[in-house]
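> Dropping in coords-v7.csv, which is CSV, C-alpha atoms and all ligand atoms:
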```csv
chain,number,residue,atom,x,y,z
H,6,MET,CA,156.4,190.7,10.2
H,7,LYS,CA,155.8,189.6,6.6
H,8,ILE,CA,158.1,187.0,5.2
H,9,LEU,CA,158.2,186.1,1.4
H,10,LEU,CA,159.4,182.7,0.5
H,11,VAL,CA,160.3,182.7,-3.2
H,12,ASP,CA,160.2,179.5,-5.2
H,13,GLY,CA,162.4,180.3,-8.2
H,14,THR,CA,161.5,177.2,-10.2
H,15,ILE,CA,159.1,177.2,-13.1
H,16,PHE,CA,159.2,173.4,-13.7
H,17,GLY,CA,159.3,170.9,-10.9
H,18,ARG,CA,158.4,170.6,-7.2
H,19,LYS,CA,161.6,170.1,-5.3
H,20,THR,CA,162.4,173.7,-4.5
H,21,GLY,CA,158.8,174.2,-3.5
H,22,VAL,CA,159.0,171.2,-1.2
H,23,LEU,CA,162.1,172.6,0.4
H,24,LEU,CA,160.4,176.0,1.0
H,25,GLU,CA,157.3,174.4,2.4
H,26,GLN,CA,159.5,172.5,4.9
H,27,VAL,CA,161.4,175.6,5.9
H,28,GLN,CA,158.0,177.4,6.2
H,29,GLN,CA,156.9,174.7,8.6
H,30,TYR,CA,160.1,175.0,10.7
H,31,ILE,CA,159.8,178.8,10.9
H,32,LYS,CA,156.2,178.5,11.9
H,33,GLU,CA,157.1,176.2,14.8
H,34,MET,CA,159.8,178.6,15.9
H,35,ASN,CA,157.9,181.9,15.6
H,36,SER,CA,154.1,181.7,15.0
H,37,ASP,CA,153.9,185.5,14.8
H,38,LEU,CA,155.7,185.7,11.4
H,39,GLU,CA,153.4,186.0,8.4
H,40,LEU,CA,154.6,183.6,5.8
H,41,GLU,CA,153.7,183.6,2.1
H,42,ILE,CA,155.2,181.4,-0.6
H,43,LEU,CA,155.5,183.0,-4.0
H,44,TYR,CA,155.6,180.2,-6.6
H,45,PHE,CA,157.3,181.6,-9.8
H,46,ALA,CA,155.6,178.7,-11.7
H,47,ASN,CA,152.2,180.5,-11.1
H,48,LEU,CA,153.3,183.8,-12.6
H,49,LYS,CA,153.3,185.1,-16.2
H,50,HIS,CA,156.9,186.1,-16.4
H,51,GLN,CA,157.9,189.0,-18.6
H,52,ILE,CA,161.5,189.8,-19.6
H,53,LEU,CA,162.6,193.3,-18.4
H,54,ASP,CA,163.0,195.0,-21.8
H,55,GLY,CA,161.5,198.4,-21.2
H,56,SER,CA,157.9,197.4,-22.1
H,57,PRO,CA,155.1,198.2,-19.6
H,58,LEU,CA,154.9,195.4,-16.9
H,59,ASN,CA,152.1,193.0,-16.8
H,60,GLU,CA,149.9,192.6,-13.6
H,61,ASP,CA,151.8,189.5,-12.4
H,62,MET,CA,155.1,191.3,-12.5
H,63,LYS,CA,153.7,194.4,-10.8
H,64,GLY,CA,152.2,192.2,-8.1
H,65,MET,CA,155.5,190.4,-7.7
H,66,ILE,CA,157.4,193.6,-7.2
H,67,GLN,CA,154.8,194.8,-4.7
H,68,LYS,CA,155.2,191.6,-2.7
H,69,PHE,CA,159.0,192.1,-2.6
H,70,GLU,CA,158.6,195.7,-1.5
H,71,ASP,CA,156.0,194.8,1.2
H,72,ALA,CA,157.9,191.9,2.7
H,73,GLU,CA,160.2,192.4,5.6
H,74,GLY,CA,162.3,189.2,5.1
H,75,TYR,CA,162.9,186.6,2.4
H,76,ILE,CA,163.8,182.9,1.9
H,77,PHE,CA,165.0,182.3,-1.6
H,78,ALA,CA,164.9,178.8,-3.1
H,79,SER,CA,166.5,178.5,-6.4
H,80,PRO,CA,167.0,175.6,-8.8
H,81,ILE,CA,170.3,175.4,-10.7
H,82,PHE,CA,170.0,176.1,-14.5
H,83,GLN,CA,173.1,175.9,-16.6
H,84,ALA,CA,175.5,176.4,-13.7
H,85,SER,CA,173.6,179.4,-12.5
H,86,ILE,CA,170.3,180.7,-11.1
H,87,PRO,CA,167.4,180.5,-13.5
H,88,GLY,CA,166.7,183.5,-15.8
H,89,VAL,CA,163.3,184.2,-14.2
H,90,LEU,CA,164.9,184.7,-10.8
H,91,LYS,CA,167.6,187.1,-12.1
H,92,ASN,CA,165.0,188.8,-14.2
H,93,ALA,CA,162.9,189.3,-11.0
H,94,PHE,CA,165.9,190.8,-9.1
H,95,ASP,CA,166.4,193.2,-12.0
H,96,MET,CA,162.9,194.5,-11.4
H,97,ILE,CA,163.2,195.1,-7.7
H,98,PRO,CA,164.1,198.6,-6.6
H,99,PRO,CA,167.6,198.6,-5.1
H,100,LYS,CA,166.5,199.7,-1.7
H,101,ALA,CA,163.4,197.4,-1.4
H,102,MET,CA,165.3,194.7,0.5
H,103,ARG,CA,167.8,196.8,2.3
H,104,TYR,CA,168.7,195.5,5.8
H,105,LYS,CA,166.0,192.9,5.6
H,106,PRO,CA,166.9,189.3,6.5
H,107,ALA,CA,167.3,186.7,3.8
H,108,ALA,CA,168.2,183.0,3.6
H,109,ILE,CA,169.2,180.9,0.6
H,110,ILE,CA,168.2,177.4,-0.4
H,111,GLY,CA,169.3,175.8,-3.7
H,112,ASN,CA,168.6,172.6,-5.5
H,113,GLY,CA,170.4,171.1,-8.5
H,114,GLY,CA,170.5,167.8,-10.4
H,115,THR,CA,173.9,167.0,-9.0
H,116,TYR,CA,176.4,168.1,-6.2
H,117,GLN,CA,178.6,169.9,-8.7
H,118,HIS,CA,176.9,173.3,-8.6
H,119,HIS,CA,176.5,173.9,-4.9
H,120,LEU,CA,178.8,176.9,-5.0
H,121,VAL,CA,176.3,178.7,-7.3
H,122,LEU,CA,174.5,179.8,-4.2
H,123,GLU,CA,177.6,181.3,-2.6
H,124,ASN,CA,179.2,182.7,-5.7
H,125,GLN,CA,176.2,183.9,-7.7
H,126,LEU,CA,173.0,184.2,-5.5
H,127,ARG,CA,174.6,185.6,-2.4
H,128,PRO,CA,176.5,188.5,-4.1
H,129,ILE,CA,173.1,189.7,-5.6
H,130,LEU,CA,171.6,189.7,-2.1
H,131,ASP,CA,174.7,191.5,-0.8
H,132,TYR,CA,174.2,194.1,-3.4
H,133,PHE,CA,170.7,194.6,-2.1
H,134,ARG,CA,172.2,194.8,1.4
H,135,CYS,CA,170.1,192.0,2.8
H,136,LEU,CA,171.1,190.5,6.1
H,137,VAL,CA,172.0,187.1,4.6
H,138,THR,CA,172.2,184.3,7.0
H,139,PRO,CA,175.6,182.6,7.2
H,140,ASN,CA,174.2,179.1,6.6
H,141,TYR,CA,172.5,178.0,3.4
H,142,VAL,CA,171.2,174.6,2.2
H,143,TYR,CA,172.0,173.0,-1.1
H,144,THR,CA,170.2,169.8,-2.1
H,145,HIS,CA,170.2,167.6,-5.2
H,146,ALA,CA,168.1,164.8,-6.7
H,147,ASP,CA,169.4,162.0,-4.4
H,148,HIS,CA,168.0,163.9,-1.4
H,149,PHE,CA,164.4,163.3,-2.6
H,150,ASP,CA,162.4,160.2,-3.4
H,151,GLN,CA,160.3,159.7,-6.5
H,152,ASP,CA,157.4,161.7,-5.0
H,153,ASN,CA,159.8,164.6,-4.2
H,154,LYS,CA,159.7,163.9,-0.5
H,155,ILE,CA,162.9,164.9,1.3
H,156,ILE,CA,164.5,161.6,2.5
H,157,ASP,CA,167.8,162.9,3.8
H,158,GLU,CA,167.9,163.5,7.6
H,159,ASP,CA,170.9,165.8,7.4
H,160,VAL,CA,169.1,168.0,4.9
H,161,GLN,CA,166.2,168.3,7.5
H,162,ILE,CA,168.7,169.2,10.2
H,163,ARG,CA,170.3,171.9,8.0
H,164,LEU,CA,166.9,173.3,7.0
H,165,ARG,CA,165.8,173.5,10.6
H,166,GLU,CA,169.1,175.2,11.5
H,167,LEU,CA,168.6,177.7,8.7
H,168,ALA,CA,165.1,178.4,9.9
H,169,ARG,CA,166.4,179.0,13.5
H,170,VAL,CA,169.1,181.5,12.4
H,171,PHE,CA,166.7,183.2,10.0
H,172,VAL,CA,164.1,183.7,12.8
H,173,HIS,CA,166.8,185.2,14.9
H,174,TYR,CA,167.9,187.5,12.0
H,175,CYS,CA,164.3,188.7,11.8
H,176,GLU,CA,164.5,189.9,15.4
H,177,VAL,CA,167.8,191.6,14.7
H,178,SER,CA,166.4,193.4,11.7
H,179,LYS,CA,163.5,194.9,13.6
H,180,THR,CA,166.0,196.9,15.7
H,181,LEU,CA,167.9,198.2,12.6
H,182,ALA,CA,166.6,201.4,11.0
H,183,LYS,CA,166.1,200.9,7.3
H,184,GLN,CA,167.2,204.5,6.6
H,185,PRO,CA,170.8,205.7,7.0
H,186,VAL,CA,171.1,207.7,10.2
H,187,ASP,CA,171.9,211.0,8.5
H,188,MET,CA,168.7,210.8,6.4
H,189,GLN,CA,166.2,210.4,9.3
P,201,LIG,C1,167.2,174.1,-18.1
P,201,LIG,C2,167.8,173.3,-17.0
P,201,LIG,C3,169.2,173.4,-16.7
P,201,LIG,C4,169.7,172.7,-15.6
P,201,LIG,N1,171.0,172.9,-15.4
P,201,LIG,C5,171.6,172.3,-14.3
P,201,LIG,C6,172.9,172.5,-13.9
P,201,LIG,O1,173.7,173.2,-14.6
P,201,LIG,N2,173.4,171.9,-12.8
P,201,LIG,C7,172.6,171.1,-12.0
P,201,LIG,O2,173.1,170.6,-11.0
P,201,LIG,N3,171.3,170.8,-12.3
P,201,LIG,C8,170.8,171.4,-13.4
P,201,LIG,N4,169.5,171.2,-13.8
P,201,LIG,C9,168.6,170.4,-12.9
P,201,LIG,C10,167.8,171.3,-12.0
P,201,LIG,O3,168.6,172.1,-11.2
P,201,LIG,C11,166.8,170.4,-11.2
P,201,LIG,O4,166.1,169.6,-12.0
P,201,LIG,C12,165.9,171.3,-10.4
P,201,LIG,O5,166.6,172.0,-9.3
P,201,LIG,C13,164.8,170.5,-9.8
P,201,LIG,O6,164.0,171.4,-9.0
P,201,LIG,P1,162.5,171.6,-9.2
P,201,LIG,O7,161.9,170.2,-9.1
P,201,LIG,O8,162.0,172.5,-8.1
P,201,LIG,O9,162.3,172.2,-10.6
P,201,LIG,C14,168.9,171.9,-14.9
P,201,LIG,C15,167.5,171.7,-15.2
P,201,LIG,C16,167.0,172.5,-16.2
P,201,LIG,C17,165.5,172.3,-16.5
```
Before anything else, please render the file you have as structure tokens.
Ligand SMILES: Cc1cc2nc3c(=O)[nH]c(=O)nc-3n(C[C@H](O)[C@H](O)[C@H](O)COP(=O)(O)O)c2cc1C

Amino acid sequence: MKILLVDGTIFGRKTGVLLEQVQQYIKEMNSDLELEILYFANLKHQILDGSPLNEDMKGMIQKFEDAEGYIFASPIFQASIPGVLKNAFDMIPPKAMRYKPAAIIGNGGTYQHHLVLENQLRPILDYFRCLVTPNYVYTHADHFDQDNKIIDEDVQIRLRELARVFVHYCEVSKTLAKQPVDMQ
């Protein structure tokens, strides 16, 4: 089962570090899952304005379509998710992520914007009808040291728990037909 871990930042390393930690926890819990991190910082982003898509955007869409589960890690920009992440969602066919498991991680400069994940990112994944895990993890600058190492034990516990529930959701999703029953 292919799992795409999406690092929604285009600047720093913290969201990537969180994803790499979750990747490690998932690997320890189920070594059969095929895990790939997609770093948005490595892509040539193109705004969705009707122009033909570049190769990076086509490749990104393909990865979303091929994946059977997702971990989304988003930085907080201006009290919201970053434009590149919303722009990416706008490019994904509405049924591509249907009934596939998803989990959410977020990172901001401060505590203040933790509800962005619940109030802005989760509704988008609900629209796609992802199986979103009930737990998410929000971190901020104080949870990291100067080298972007996670220094908060509680964050580690919550990342591990998120991984545990996500792995279970992967199993559940295998048994759920992706087509509505009257279209089979
Ligand atoms: C353009 C921009 C806007 C930001 N706006 C917010 C914000 O509204 N609230 C907040 O908590 N942090 C804000 N931040 C801080 C980022 O969320 C934080 O630096 C980022 O999550 C660090 O993750 P990274 O190292 O993976 O890039 C902003 C940062 C940038 C660059």
> Give me, as CSV, the closest atom pair and its distance (Å, one decimal) for every residue of chain H within a cut-off of 10 Å of ligand LIG 201 (chain P), counting all atoms listed in the file, rows sorted by chain and rising number.

```
residue,atom,partner,partner_atom,distance
H:Asp12,CA,P:LIG201,O8,7.8
H:Gly13,CA,P:LIG201,O8,7.8
H:Thr14,CA,P:LIG201,O9,5.1
H:Ile15,CA,P:LIG201,O9,6.4
H:Phe16,CA,P:LIG201,O9,4.5
H:Gly17,CA,P:LIG201,O7,3.2
H:Arg18,CA,P:LIG201,O7,4.0
H:Lys19,CA,P:LIG201,O8,3.7
H:Thr20,CA,P:LIG201,O8,3.8
H:Gly21,CA,P:LIG201,O8,5.9
H:Val22,CA,P:LIG201,O8,7.6
H:Leu23,CA,P:LIG201,O8,8.5
H:Leu24,CA,P:LIG201,O8,9.9
H:Ala46,CA,P:LIG201,O9,9.4
H:Ala78,CA,P:LIG201,O8,8.5
H:Ser79,CA,P:LIG201,O5,7.1
H:Pro80,CA,P:LIG201,O5,3.7
H:Ile81,CA,P:LIG201,O3,3.7
H:Phe82,CA,P:LIG201,N1,3.5
H:Gln83,CA,P:LIG201,O1,3.4
H:Ala84,CA,P:LIG201,O1,3.8
H:Ser85,CA,P:LIG201,O1,6.5
H:Ile86,CA,P:LIG201,O3,8.8
H:Pro87,CA,P:LIG201,C1,7.9
H:Gly88,CA,P:LIG201,C1,9.7
H:Gly111,CA,P:LIG201,O5,7.3
H:Asn112,CA,P:LIG201,O5,4.3
H:Gly113,CA,P:LIG201,O3,3.4
H:Gly114,CA,P:LIG201,N3,3.6
H:Thr115,CA,P:LIG201,O2,4.2
H:Tyr116,CA,P:LIG201,O2,6.3
H:Gln117,CA,P:LIG201,O2,6.0
H:His118,CA,P:LIG201,O2,5.2
H:His119,CA,P:LIG201,O2,7.7
H:Val121,CA,P:LIG201,N2,9.2
H:Tyr143,CA,P:LIG201,O5,9.9
H:Thr144,CA,P:LIG201,O5,8.3
H:His145,CA,P:LIG201,O5,7.0
H:Ala146,CA,P:LIG201,C13,7.3
H:Phe149,CA,P:LIG201,O7,9.8
H:Asn153,CA,P:LIG201,O7,7.7
```
> Rank H:Glu25, H:Asp131, H:Glu158, H:Asp95 by their smallest atom-to-atom distance to Leu40 in chain H, using all atoms listed in the file, and report the top residue only.
H:Glu25
> Check the smallest atom-to-atom distance from each of H:Leu38, H:Ile156, H:Ile109, H:Ala93 to Ile66 in chain H using only C-alpha atoms, then report the winner.
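Of H:Leu38, H:Ile156, H:Ile109, H:Ala93, the one nearest Ile66 in chain H, counting only C-alpha atoms, is H:Ala93.
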> Applying 9 Å and all atoms listed in the file, which residues near Leu130 in chain H remain after dropping the ones on its own chain fewer than 5 positions away? List them as a list in words.
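My list of contacting residues is Met102, Ala107, Cys135, Leu136 and Val137 of chain H.
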> Between CA of Gln26 in chain H and CA of Asn140 in chain H, what is the distance in Å, rounded to a tenth?
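Value for the CA of Gln26 in chain H-CA of Asn140 in chain H distance: 16.2 Å.
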> From the set H:Tyr75, H:Leu181, H:Gly64, H:Tyr141, which residue has the shortest atom-to-atom contact distance to Ile162 in chain H, counting all atoms listed in the file?
H:Tyr141
> In Å, rounded to a single decimal, give me how far CA of Leu90 in chain H is from CA of Ser56 in chain H.
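Computed distance, CA of Ser56 in chain H to CA of Leu90 in chain H, equals 18.4 Å.
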> Figure out the distance between CA of Tyr44 in chain H and CA of Cys175 in chain H, please, to one decimal in Å.
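Result for CA of Cys175 in chain H versus CA of Tyr44 in chain H: 22.1 Å, one decimal.
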> Could you tell me which of H:Pro57, H:Glu166, H:Met62, H:Ile8 comes closest to Ile42 in chain H if we count all atoms listed in the file?
H:Ile8
> Contacts of Phe171 in chain H at 8 Å or less, counting only C-alpha atoms, minus same-chain residues fewer than 2 places along, as a PDB file with C-alpha atoms, in the coordinates of the input?

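Contents of part-v6.pdb, freshly written:
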```
ATOM      1  CA  PRO H 106     166.900 189.300   6.500  1.00  0.00           C
ATOM      2  CA  ALA H 107     167.300 186.700   3.800  1.00  0.00           C
ATOM      3  CA  ALA H 108     168.200 183.000   3.600  1.00  0.00           C
ATOM      4  CA  THR H 138     172.200 184.300   7.000  1.00  0.00           C
ATOM      5  CA  LEU H 167     168.600 177.700   8.700  1.00  0.00           C
ATOM      6  CA  ALA H 168     165.100 178.400   9.900  1.00  0.00           C
ATOM      7  CA  ARG H 169     166.400 179.000  13.500  1.00  0.00           C
ATOM      8  CA  HIS H 173     166.800 185.200  14.900  1.00  0.00           C
ATOM      9  CA  TYR H 174     167.900 187.500  12.000  1.00  0.00           C
ATOM     10  CA  CYS H 175     164.300 188.700  11.800  1.00  0.00           C
TER      11      CYS H 175
END
```
> Find the residues with any atom within 12 Å of (154.7, 196.7, -13.7); use all atoms listed in the file and the coordinates as given in the file, and write the answer as a list in words.
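Taken together, the residues in range are Lys49, His50, Gln51, Ile52, Leu53, Asp54, Gly55, Ser56, Pro57, Leu58, Asn59, Glu60, Asp61, Met62, Lys63, Gly64, Met65, Ile66, Gln67, Ala93, Met96, Ile97 and Pro98 of chain H.
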> Given only C-alpha atoms as the basis, pick out the residue of H:Leu164, H:Phe45, H:Phe94, H:Met34 nearest to Ile129 in chain H.
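Using only C-alpha atoms, Ile129 in chain H sits closest to H:Phe94.
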